[in-house]
Amino acid sequence: MIENKGRPNRLGLKGWLGGGRWGFERYLYTLHRLTGLGLLAYFVLHIVITSSRALGEHAWARAMGSVTGPVFRVGEYLVFAAFAFHALNGIRLALVELGFAIGNPIEPVYPYRTSVDEQRPLAIGVMIFAAILAIVGGIGFLK
Amino acid sequence: MRDQHLWTWHIGAGAVILVLLGLHMTIMHLDTILPLAISTPQGGKPIDWLNVVERGKDVFFLVTYVLLLGAALFHGFYGLRNILFELNPGAGTKKTLNGLFLAAGFVLFAVGTWAAWAGFTVARGA
Amino acid sequence: MADNTVPTEVVFRIRRFDPTTDAEPHWEDYRIPYPPGMTVLEGLKQIKETLSPTLAWRSSCRMGVCGSCGMFINGRPRLACNTQVSELASGLVTVAPLPNFNIIRDLVPDLVPMFQAHAETQPYLIRADTAEQQQPTGEFWQSAHQLEQYLQFSYCIKCGCCMAGCPTYATDPHYVGPMPLGQAHRYNSDSRDGGFASRKQLLSGERGPWRCHFAGECSRVCPKGVDPARAIQLMKRQLVFDYLKLWKQPRPASTAKPPAGLKRRDGIPEAPPRTI
């Protein structure tokens, strides 16, 4: 069905990470995927660890003991920061991918103001909000 | 299910997680900045056993934990499925991955729900 | 001492590949005179005429309306005829074939998969009254507001730059891609069309717009301002609301019948007989 004439020339995974001079939203897309994977990995472990509470106080203490230490503390904060980014960017994506905040179809007149330009203030806004959340959370973790 | 349906649930689950996980993060990690009664009903840190038991007894936490668990498992595994499928695996691999994700999702949901239910009933019984 | 004179020469670094002789594509440099206002396409022609007669590429209109000369120029997909050498920041112009398509030779990509995907989205008006479409009796009613809903997406020249920019299409050849999806939406949102249910067969599956995650590159690189990203997100809204039973495609536009009971004024001749 898909012809195979010629030499393959797909960007591949490099296209996710940036195979040329790409825009802000493309990097947000890449970061959204990375934070998502990180959060999923943490989440699976989290379910296993915190489910130990069903086995009583000793099981809980053992489980909590296995995840103490500076490495885990830093890791937990990274998870919080990843959540801050992924959630706020997710709000933007949910809005935009349902066709809101991207403007109505217009007659294209150069220089073109695209849907990407229309949602740029929203993107900046959620990034600022995510940064504030990550910093506030960081203060909480330091205490 | 078709992607049209799965994606709609993915966004819906995202909205649920936004609210519930935001609540969870606030209760568990922002207790020093935004002290709430539910964070530390027995004093100390939110992660201390007594606080865990106290929250476990509450039907609100039982319901929201299970909701959050289901929504996050669906959202996370659908996201991972998207990432892997876009790397263009073969049809057989796709079927296997679908099965794996379903199985992993159900197993983890069962584990988490069991823990939440146990925390609810045992704590009340104790 | 700063030299503010316009450069008289420019270097083109071109990705060459001849399948009959080369094992791998490779870069080759060409230095050519640079008259102000030269486009990349003019540079390629200069190189072919004076330095390398075997250089191959596609071009036609040389004015940004045919969509033939899409290439990967200085890290972005652009039309060679539409790109001034002076707008490229460095003194070096790198020209490569459009990524995400097989290379046939030099700068010539194999765009057939894109056209096949386009055909699968049924990019034509689908209506129940096929008799009217074969033997039209009048125009279809369409307001200016209804026209505005799809006009932007109808400017697509099928150049493939959006496909080259898409990160999903970079890894997944089964994804239909921004151009076919944009064109599917152009027809779905045309008030004369009744084919949403028919196109849904393809669009609700894994090849549809669900693989789009709004990286936005397609709209950023589109040389005609078609904004396929906007089309795809609006399409997702339609499909999601359709699933949630919150939206249905409105009935297609009706035909405007010629007004009845009009008398021809004296002195005005009859129209010539219809030829179709």
# chains A, B, ... in the order shown; residues from 1 in each chain; ligands from 1
>>> interface_residues(of="chain C", to="chain A", cutoff="7 Å", atoms="only C-alpha atoms", output="PDB file with C-alpha atoms, in the first residue's frame")
ATOM      1  CA  GLY C  75      17.160  23.393   8.934  1.00  0.00           C
ATOM      2  CA  ARG C  76      13.541  24.084   7.958  1.00  0.00           C
ATOM      3  CA  PRO C  99      12.739  14.763   5.258  1.00  0.00           C
ATOM      4  CA  ASN C 100      10.245  11.998   6.048  1.00  0.00           C
ATOM      5  CA  PHE C 101      10.017  11.025   2.374  1.00  0.00           C
ATOM      6  CA  ASN C 102      12.190   8.545   0.511  1.00  0.00           C
ATOM      7  CA  ILE C 103      14.825  10.175  -1.660  1.00  0.00           C
ATOM      8  CA  ILE C 104      14.539   9.297  -5.329  1.00  0.00           C
ATOM      9  CA  ASP C 110       8.996  10.431  -3.250  1.00  0.00           C
ATOM     10  CA  PRO C 113       2.706   8.036   0.097  1.00  0.00           C
ATOM     11  CA  GLU C 148     -14.794  31.276   6.015  1.00  0.00           C
ATOM     12  CA  GLN C 149     -14.972  27.975   7.934  1.00  0.00           C
ATOM     13  CA  TYR C 150     -12.950  26.120   5.297  1.00  0.00           C
ATOM     14  CA  LEU C 151     -11.469  28.737   2.951  1.00  0.00           C
ATOM     15  CA  GLN C 152      -8.120  28.907   4.774  1.00  0.00           C
ATOM     16  CA  PRO C 167       7.400  14.842  14.545  1.00  0.00           C
ATOM     17  CA  ALA C 170       9.050  11.466  11.338  1.00  0.00           C
ATOM     18  CA  THR C 171       8.653   8.072  13.023  1.00  0.00           C
ATOM     19  CA  HIS C 213       0.067  16.304  19.663  1.00  0.00           C
ATOM     20  CA  ALA C 215       3.880  20.360  18.069  1.00  0.00           C
ATOM     21  CA  GLY C 216       2.678  23.045  15.660  1.00  0.00           C
ATOM     22  CA  GLU C 217       5.507  22.680  13.150  1.00  0.00           C
ATOM     23  CA  SER C 219       1.539  25.435  10.616  1.00  0.00           C
ATOM     24  CA  GLY C 225      -0.678  29.997   5.713  1.00  0.00           C
ATOM     25  CA  VAL C 226      -3.037  27.013   5.513  1.00  0.00           C
ATOM     26  CA  ASP C 227      -2.538  26.281   9.233  1.00  0.00           C
ATOM     27  CA  ALA C 229      -2.656  22.375  12.908  1.00  0.00           C
ATOM     28  CA  ARG C 230      -5.785  24.479  13.313  1.00  0.00           C
ATOM     29  CA  GLN C 233      -7.523  20.442  16.283  1.00  0.00           C
ATOM     30  CA  LEU C 234     -10.915  21.587  14.964  1.00  0.00           C
ATOM     31  CA  LYS C 236     -10.560  16.539  16.832  1.00  0.00           C
ATOM     32  CA  ARG C 237     -13.226  18.690  18.421  1.00  0.00           C
TER      33      ARG C 237
END
>>> interface_residues(of="chain B", to="chain A", cutoff="9 Å", atoms="only C-alpha atoms", output="PyMOL selection string")
chain B and resi 11+14-15+17-18+21-22+25+29-33+47-50+52-53+69+72-73+76-77+79-80+83+87+108-109+111-119+122
>>> write_last_selection(atoms="N, CA and C atoms", output="compact mmCIF listing (two decimals), in the first residue's frame")
# COMPACT_ATOMS: atom_id res chain seq x y z
N ILE B 11 -8.41 12.46 27.61
CA ILE B 11 -8.53 13.86 28.02
C ILE B 11 -9.39 13.96 29.28
N GLY B 14 -7.42 12.95 32.14
CA GLY B 14 -6.47 14.02 32.46
C GLY B 14 -7.11 15.08 33.34
N ALA B 15 -8.35 15.43 33.02
CA ALA B 15 -9.05 16.44 33.82
C ALA B 15 -9.26 15.94 35.24
N ILE B 17 -7.47 13.70 36.82
CA ILE B 17 -6.18 13.64 37.50
C ILE B 17 -5.74 15.04 37.92
N LEU B 18 -5.99 16.02 37.06
CA LEU B 18 -5.60 17.39 37.39
C LEU B 18 -6.15 17.77 38.76
N LEU B 21 -5.04 14.69 41.62
CA LEU B 21 -3.61 14.65 41.91
C LEU B 21 -3.15 15.99 42.46
N GLY B 22 -3.78 17.07 41.98
CA GLY B 22 -3.47 18.38 42.55
C GLY B 22 -3.79 18.39 44.04
N MET B 25 -1.16 16.20 45.84
CA MET B 25 0.12 16.90 45.98
C MET B 25 0.03 17.96 47.07
N HIS B 29 2.48 17.21 49.96
CA HIS B 29 3.76 17.91 49.80
C HIS B 29 3.72 19.38 50.12
N LEU B 30 2.55 19.99 50.13
CA LEU B 30 2.51 21.42 50.40
C LEU B 30 1.97 21.69 51.79
N ASP B 31 2.10 20.69 52.67
CA ASP B 31 1.52 20.85 54.01
C ASP B 31 2.24 21.92 54.83
N THR B 32 3.52 22.16 54.53
CA THR B 32 4.23 23.18 55.30
C THR B 32 3.89 24.58 54.81
N ILE B 33 3.47 24.68 53.54
CA ILE B 33 3.15 26.00 52.99
C ILE B 33 1.66 26.29 53.12
N ILE B 47 3.07 11.76 55.72
CA ILE B 47 3.41 10.39 55.35
C ILE B 47 3.48 9.46 56.56
N ASP B 48 3.36 10.03 57.78
CA ASP B 48 3.44 9.20 58.99
C ASP B 48 2.29 8.21 59.06
N TRP B 49 2.54 7.06 59.65
CA TRP B 49 1.57 5.96 59.68
C TRP B 49 0.22 6.39 60.22
N LEU B 50 0.24 7.17 61.31
CA LEU B 50 -1.04 7.53 61.93
C LEU B 50 -1.89 8.39 60.99
N VAL B 52 -1.68 8.32 57.73
CA VAL B 52 -2.09 7.44 56.63
C VAL B 52 -3.35 6.67 57.05
N VAL B 53 -3.32 6.15 58.27
CA VAL B 53 -4.47 5.38 58.77
C VAL B 53 -5.70 6.28 58.85
N LEU B 69 -6.59 6.44 40.91
CA LEU B 69 -5.84 5.27 40.47
C LEU B 69 -6.27 4.85 39.06
N ALA B 72 -5.47 7.62 36.39
CA ALA B 72 -4.05 7.77 36.10
C ALA B 72 -3.49 6.55 35.38
N LEU B 73 -3.96 5.35 35.73
CA LEU B 73 -3.48 4.16 35.02
C LEU B 73 -3.90 4.21 33.56
N GLY B 76 -1.92 7.13 31.84
CA GLY B 76 -0.51 6.83 31.68
C GLY B 76 -0.24 5.75 30.64
N PHE B 77 -1.00 4.67 30.70
CA PHE B 77 -0.75 3.58 29.76
C PHE B 77 -1.18 3.93 28.35
N GLY B 79 -0.93 6.93 27.14
CA GLY B 79 0.16 7.78 26.70
C GLY B 79 1.37 6.96 26.26
N LEU B 80 1.73 5.98 27.08
CA LEU B 80 2.87 5.12 26.75
C LEU B 80 2.58 4.35 25.47
N ILE B 83 3.15 6.61 22.52
CA ILE B 83 4.57 6.82 22.25
C ILE B 83 5.14 5.60 21.54
N LEU B 87 6.36 4.68 17.17
CA LEU B 87 7.66 4.22 16.70
C LEU B 87 7.50 3.12 15.67
N LEU B 108 -2.42 -3.57 38.38
CA LEU B 108 -2.09 -2.45 39.27
C LEU B 108 -3.35 -1.85 39.88
N PHE B 109 -4.44 -1.81 39.11
CA PHE B 109 -5.69 -1.28 39.65
C PHE B 109 -6.19 -2.17 40.78
N VAL B 111 -4.35 -4.11 42.70
CA VAL B 111 -3.48 -3.95 43.87
C VAL B 111 -3.85 -2.68 44.63
N GLY B 112 -3.98 -1.57 43.89
CA GLY B 112 -4.27 -0.30 44.54
C GLY B 112 -5.64 -0.28 45.21
N THR B 113 -6.63 -0.87 44.53
CA THR B 113 -7.97 -0.88 45.12
C THR B 113 -8.01 -1.74 46.37
N TRP B 114 -7.31 -2.88 46.31
CA TRP B 114 -7.23 -3.75 47.47
C TRP B 114 -6.63 -2.99 48.66
N ALA B 115 -5.55 -2.26 48.39
CA ALA B 115 -4.89 -1.52 49.47
C ALA B 115 -5.82 -0.45 50.04
N ALA B 116 -6.52 0.26 49.15
CA ALA B 116 -7.42 1.30 49.63
C ALA B 116 -8.57 0.70 50.43
N TRP B 117 -9.10 -0.42 49.95
CA TRP B 117 -10.20 -1.06 50.63
C TRP B 117 -9.76 -1.62 51.98
N ALA B 118 -8.58 -2.24 51.97
CA ALA B 118 -8.04 -2.78 53.21
C ALA B 118 -7.84 -1.67 54.22
N GLY B 119 -7.28 -0.54 53.75
CA GLY B 119 -7.08 0.58 54.65
C GLY B 119 -8.39 1.07 55.21
N VAL B 122 -9.96 -2.30 57.50
CA VAL B 122 -9.12 -2.69 58.64
C VAL B 122 -9.03 -1.55 59.62
>>> interface_residues(of="chain C", to="chain B", cutoff="7 Å", atoms="only C-alpha atoms", output="mmCIF file with N, CA and C atoms, in the first residue's frame")
data_model
loop_
_atom_site.group_PDB
_atom_site.id
_atom_site.type_symbol
_atom_site.label_atom_id
_atom_site.label_comp_id
_atom_site.auth_asym_id
_atom_site.auth_seq_id
_atom_site.Cartn_x
_atom_site.Cartn_y
_atom_site.Cartn_z
ATOM 1 N N THR C 168 5.455 13.345 14.454
ATOM 2 C CA THR C 168 4.841 12.019 14.395
ATOM 3 C C THR C 168 5.147 11.356 13.064
ATOM 4 N N THR C 171 8.417 9.453 12.595
ATOM 5 C CA THR C 171 8.653 8.072 13.023
ATOM 6 C C THR C 171 7.587 7.106 12.532
ATOM 7 N N ASP C 172 6.420 7.607 12.189
ATOM 8 C CA ASP C 172 5.290 6.719 11.921
ATOM 9 C C ASP C 172 4.742 6.936 10.510
ATOM 10 N N SER C 204 -11.464 8.033 12.629
ATOM 11 C CA SER C 204 -11.649 7.649 14.022
ATOM 12 C C SER C 204 -10.633 6.616 14.460
ATOM 13 N N GLY C 205 -9.867 6.061 13.501
ATOM 14 C CA GLY C 205 -8.910 5.008 13.822
ATOM 15 C C GLY C 205 -7.555 5.554 14.186
ATOM 16 N N GLU C 206 -6.573 4.636 14.270
ATOM 17 C CA GLU C 206 -5.273 5.059 14.785
ATOM 18 C C GLU C 206 -4.476 5.861 13.752
ATOM 19 N N TRP C 210 -5.487 11.544 15.986
ATOM 20 C CA TRP C 210 -5.114 11.243 17.373
ATOM 21 C C TRP C 210 -3.614 11.158 17.547
ATOM 22 N N LEU C 239 -14.775 15.350 16.061
ATOM 23 C CA LEU C 239 -14.840 13.906 16.280
ATOM 24 C C LEU C 239 -15.182 13.586 17.736
ATOM 25 N N VAL C 240 -14.596 14.326 18.687
ATOM 26 C CA VAL C 240 -14.891 14.066 20.101
ATOM 27 C C VAL C 240 -16.350 14.401 20.403
ATOM 28 N N TYR C 243 -18.536 11.770 19.102
ATOM 29 C CA TYR C 243 -18.551 10.589 19.965
ATOM 30 C C TYR C 243 -19.441 10.819 21.170
#
>>> residues_around(residues="stretch 38-47 of chain C", least_positions_apart="5", cutoff="6 Å", atoms="only C-alpha atoms", output="ChimeraX atom specification")
/C:52,80-81,83-85
>>> write_last_selection(atoms="C-alpha atoms", output="short mmCIF file (atom, residue, chain, number, x, y, z; two decimals), in the first residue's frame")
data_model
loop_
_atom_site.label_atom_id
_atom_site.label_comp_id
_atom_site.auth_asym_id
_atom_site.auth_seq_id
_atom_site.Cartn_x
_atom_site.Cartn_y
_atom_site.Cartn_z
CA SER C 52 26.98 20.49 -11.86
CA ALA C 80 13.02 26.95 -2.71
CA CYS C 81 11.36 29.52 -4.97
CA THR C 83 13.16 31.55 0.00
CA GLN C 84 15.48 34.49 -0.52
CA VAL C 85 19.12 33.69 0.11
#
>>> residues_around(residues="stretch 176-184 of chain C", least_positions_apart="2", cutoff="6 Å", atoms="only C-alpha atoms", output="PyMOL selection string")
chain C and resi 117-118+121+123+186-187+207+228+231
>>> write_last_selection(atoms="N, CA and C atoms", output="compact mmCIF listing (two decimals), in the first residue's frame")
# COMPACT_ATOMS: atom_id res chain seq x y z
N ALA C 117 -2.25 8.84 0.92
CA ALA C 117 -2.98 9.12 2.16
C ALA C 117 -4.04 10.19 1.91
N HIS C 118 -3.68 11.19 1.10
CA HIS C 118 -4.62 12.25 0.76
C HIS C 118 -5.85 11.66 0.07
N THR C 121 -8.46 10.07 2.34
CA THR C 121 -9.34 10.89 3.16
C THR C 121 -10.54 11.39 2.37
N PRO C 123 -10.92 13.47 -0.47
CA PRO C 123 -10.89 14.93 -0.53
C PRO C 123 -11.76 15.48 -1.65
N ARG C 186 -11.02 20.28 5.54
CA ARG C 186 -11.50 21.29 4.59
C ARG C 186 -12.83 20.86 3.99
N TYR C 187 -12.98 19.54 3.77
CA TYR C 187 -14.24 19.05 3.20
C TYR C 187 -15.29 18.81 4.28
N ARG C 207 -4.94 5.93 12.51
CA ARG C 207 -4.21 6.72 11.52
C ARG C 207 -4.71 8.16 11.50
N PRO C 228 -2.53 23.84 8.94
CA PRO C 228 -3.10 22.49 9.13
C PRO C 228 -3.29 22.12 10.59
N ALA C 231 -6.70 23.11 11.54
CA ALA C 231 -7.67 22.19 10.94
C ALA C 231 -7.75 20.89 11.74
>>> select_by_dssp(residues="stretch 115-188 of chain C", states="alpha helix (DSSP H)", output="ChimeraX atom specification")
/C:115-120,130-134,144-151,161-165,167-171,178-188
>>> atom_distance(atom1="atom CA of C:Ser90", atom2="atom CA of C:Asn74")
8.9 Å
>>> select_by_dssp(residues="stretch 47-215 of chain C", states="strand (DSSP E or B)", output="list in words")
Gly70, Met71, Phe72, Ile73, Arg76, Pro77, Arg78, Leu79, Gln84, Leu92, Val93, Thr94, Val95, Ala96, Pro97, Ile103, Ile104, Arg105, Val108, Pro109 and Phe140 of chain C
>>> write_last_selection(atoms="N, CA and C atoms", output="compact mmCIF listing (two decimals), in the first residue's frame")
# COMPACT_ATOMS: atom_id res chain seq x y z
N GLY C 70 9.43 21.97 -2.61
CA GLY C 70 9.63 21.86 -1.17
C GLY C 70 10.97 21.19 -0.86
N MET C 71 11.80 21.83 -0.03
CA MET C 71 13.12 21.28 0.32
C MET C 71 13.45 21.65 1.75
N PHE C 72 14.48 21.00 2.29
CA PHE C 72 14.91 21.24 3.67
C PHE C 72 16.06 22.23 3.62
N ILE C 73 15.76 23.52 3.81
CA ILE C 73 16.74 24.58 3.58
C ILE C 73 17.13 25.19 4.92
N ARG C 76 15.00 24.02 7.95
CA ARG C 76 13.54 24.08 7.96
C ARG C 76 12.99 23.71 6.59
N PRO C 77 11.83 23.07 6.55
CA PRO C 77 11.21 22.80 5.25
C PRO C 77 10.68 24.10 4.66
N ARG C 78 11.09 24.42 3.45
CA ARG C 78 10.63 25.65 2.79
C ARG C 78 10.46 25.38 1.30
N LEU C 79 9.80 26.32 0.62
CA LEU C 79 9.78 26.28 -0.84
C LEU C 79 11.03 27.00 -1.33
N GLN C 84 14.38 33.62 -0.12
CA GLN C 84 15.48 34.49 -0.52
C GLN C 84 16.75 34.03 0.18
N LEU C 92 25.96 30.54 4.41
CA LEU C 92 25.95 29.21 3.82
C LEU C 92 24.51 28.77 3.64
N VAL C 93 24.17 28.29 2.46
CA VAL C 93 22.82 27.78 2.20
C VAL C 93 22.88 26.27 2.11
N THR C 94 22.31 25.57 3.11
CA THR C 94 22.29 24.10 3.04
C THR C 94 20.95 23.67 2.47
N VAL C 95 21.00 22.86 1.44
CA VAL C 95 19.77 22.39 0.79
C VAL C 95 19.77 20.87 0.82
N ALA C 96 18.74 20.31 1.42
CA ALA C 96 18.60 18.85 1.48
C ALA C 96 17.20 18.49 1.01
N PRO C 97 16.98 17.24 0.61
CA PRO C 97 15.61 16.88 0.22
C PRO C 97 14.69 16.88 1.43
N ILE C 103 14.15 9.34 -0.65
CA ILE C 103 14.83 10.18 -1.66
C ILE C 103 14.91 9.37 -2.95
N ILE C 104 14.40 9.95 -4.03
CA ILE C 104 14.54 9.30 -5.33
C ILE C 104 15.92 9.60 -5.88
N ARG C 105 16.29 10.89 -5.81
CA ARG C 105 17.62 11.30 -6.29
C ARG C 105 17.84 12.74 -5.87
N VAL C 108 15.05 15.26 -4.87
CA VAL C 108 13.72 14.83 -5.32
C VAL C 108 13.14 13.81 -4.33
N PRO C 109 12.09 14.19 -3.55
CA PRO C 109 11.49 13.22 -2.62
C PRO C 109 10.39 12.42 -3.29
N PHE C 140 -24.99 25.87 -5.21
CA PHE C 140 -25.27 25.51 -3.83
C PHE C 140 -25.27 26.79 -3.00
>>> atom_distance(atom1="atom CA of A:Pro121", atom2="atom CA of A:Val79")
26.0 Å
>>> atom_distance(atom1="atom CA of B:Ile27", atom2="atom CA of A:Leu133")
14.4 Å
>>> closest_residue(among="C:Thr130, C:Arg211, C:Asn82, C:Ile232", to="C:Phe153", atoms="only C-alpha atoms")
C:Ile232
>>> decode(residues="stretch 56-73 of chain A", atoms="C-alpha atoms", output="PDB file, in the first residue's frame")
ATOM      1  CA  GLY A  56       0.079  -3.008  58.603  1.00  0.00           C
ATOM      2  CA  GLU A  57       2.438  -0.576  60.264  1.00  0.00           C
ATOM      3  CA  HIS A  58       5.597  -2.675  59.990  1.00  0.00           C
ATOM      4  CA  ALA A  59       5.136  -3.204  56.259  1.00  0.00           C
ATOM      5  CA  TRP A  60       4.550   0.509  55.870  1.00  0.00           C
ATOM      6  CA  ALA A  61       7.638   1.420  57.862  1.00  0.00           C
ATOM      7  CA  ARG A  62       9.726  -1.039  55.817  1.00  0.00           C
ATOM      8  CA  ALA A  63       8.419   0.345  52.556  1.00  0.00           C
ATOM      9  CA  MET A  64       9.012   3.938  53.628  1.00  0.00           C
ATOM     10  CA  GLY A  65      12.465   2.970  54.866  1.00  0.00           C
ATOM     11  CA  SER A  66      13.374   1.630  51.443  1.00  0.00           C
ATOM     12  CA  VAL A  67      12.697   4.995  49.816  1.00  0.00           C
ATOM     13  CA  THR A  68      14.431   7.376  52.206  1.00  0.00           C
ATOM     14  CA  GLY A  69      17.673   9.153  51.540  1.00  0.00           C
ATOM     15  CA  PRO A  70      18.816  12.210  49.595  1.00  0.00           C
ATOM     16  CA  VAL A  71      18.565  10.489  46.206  1.00  0.00           C
ATOM     17  CA  PHE A  72      14.909   9.694  46.814  1.00  0.00           C
ATOM     18  CA  ARG A  73      14.214  13.153  48.176  1.00  0.00           C
TER      19      ARG A  73
END
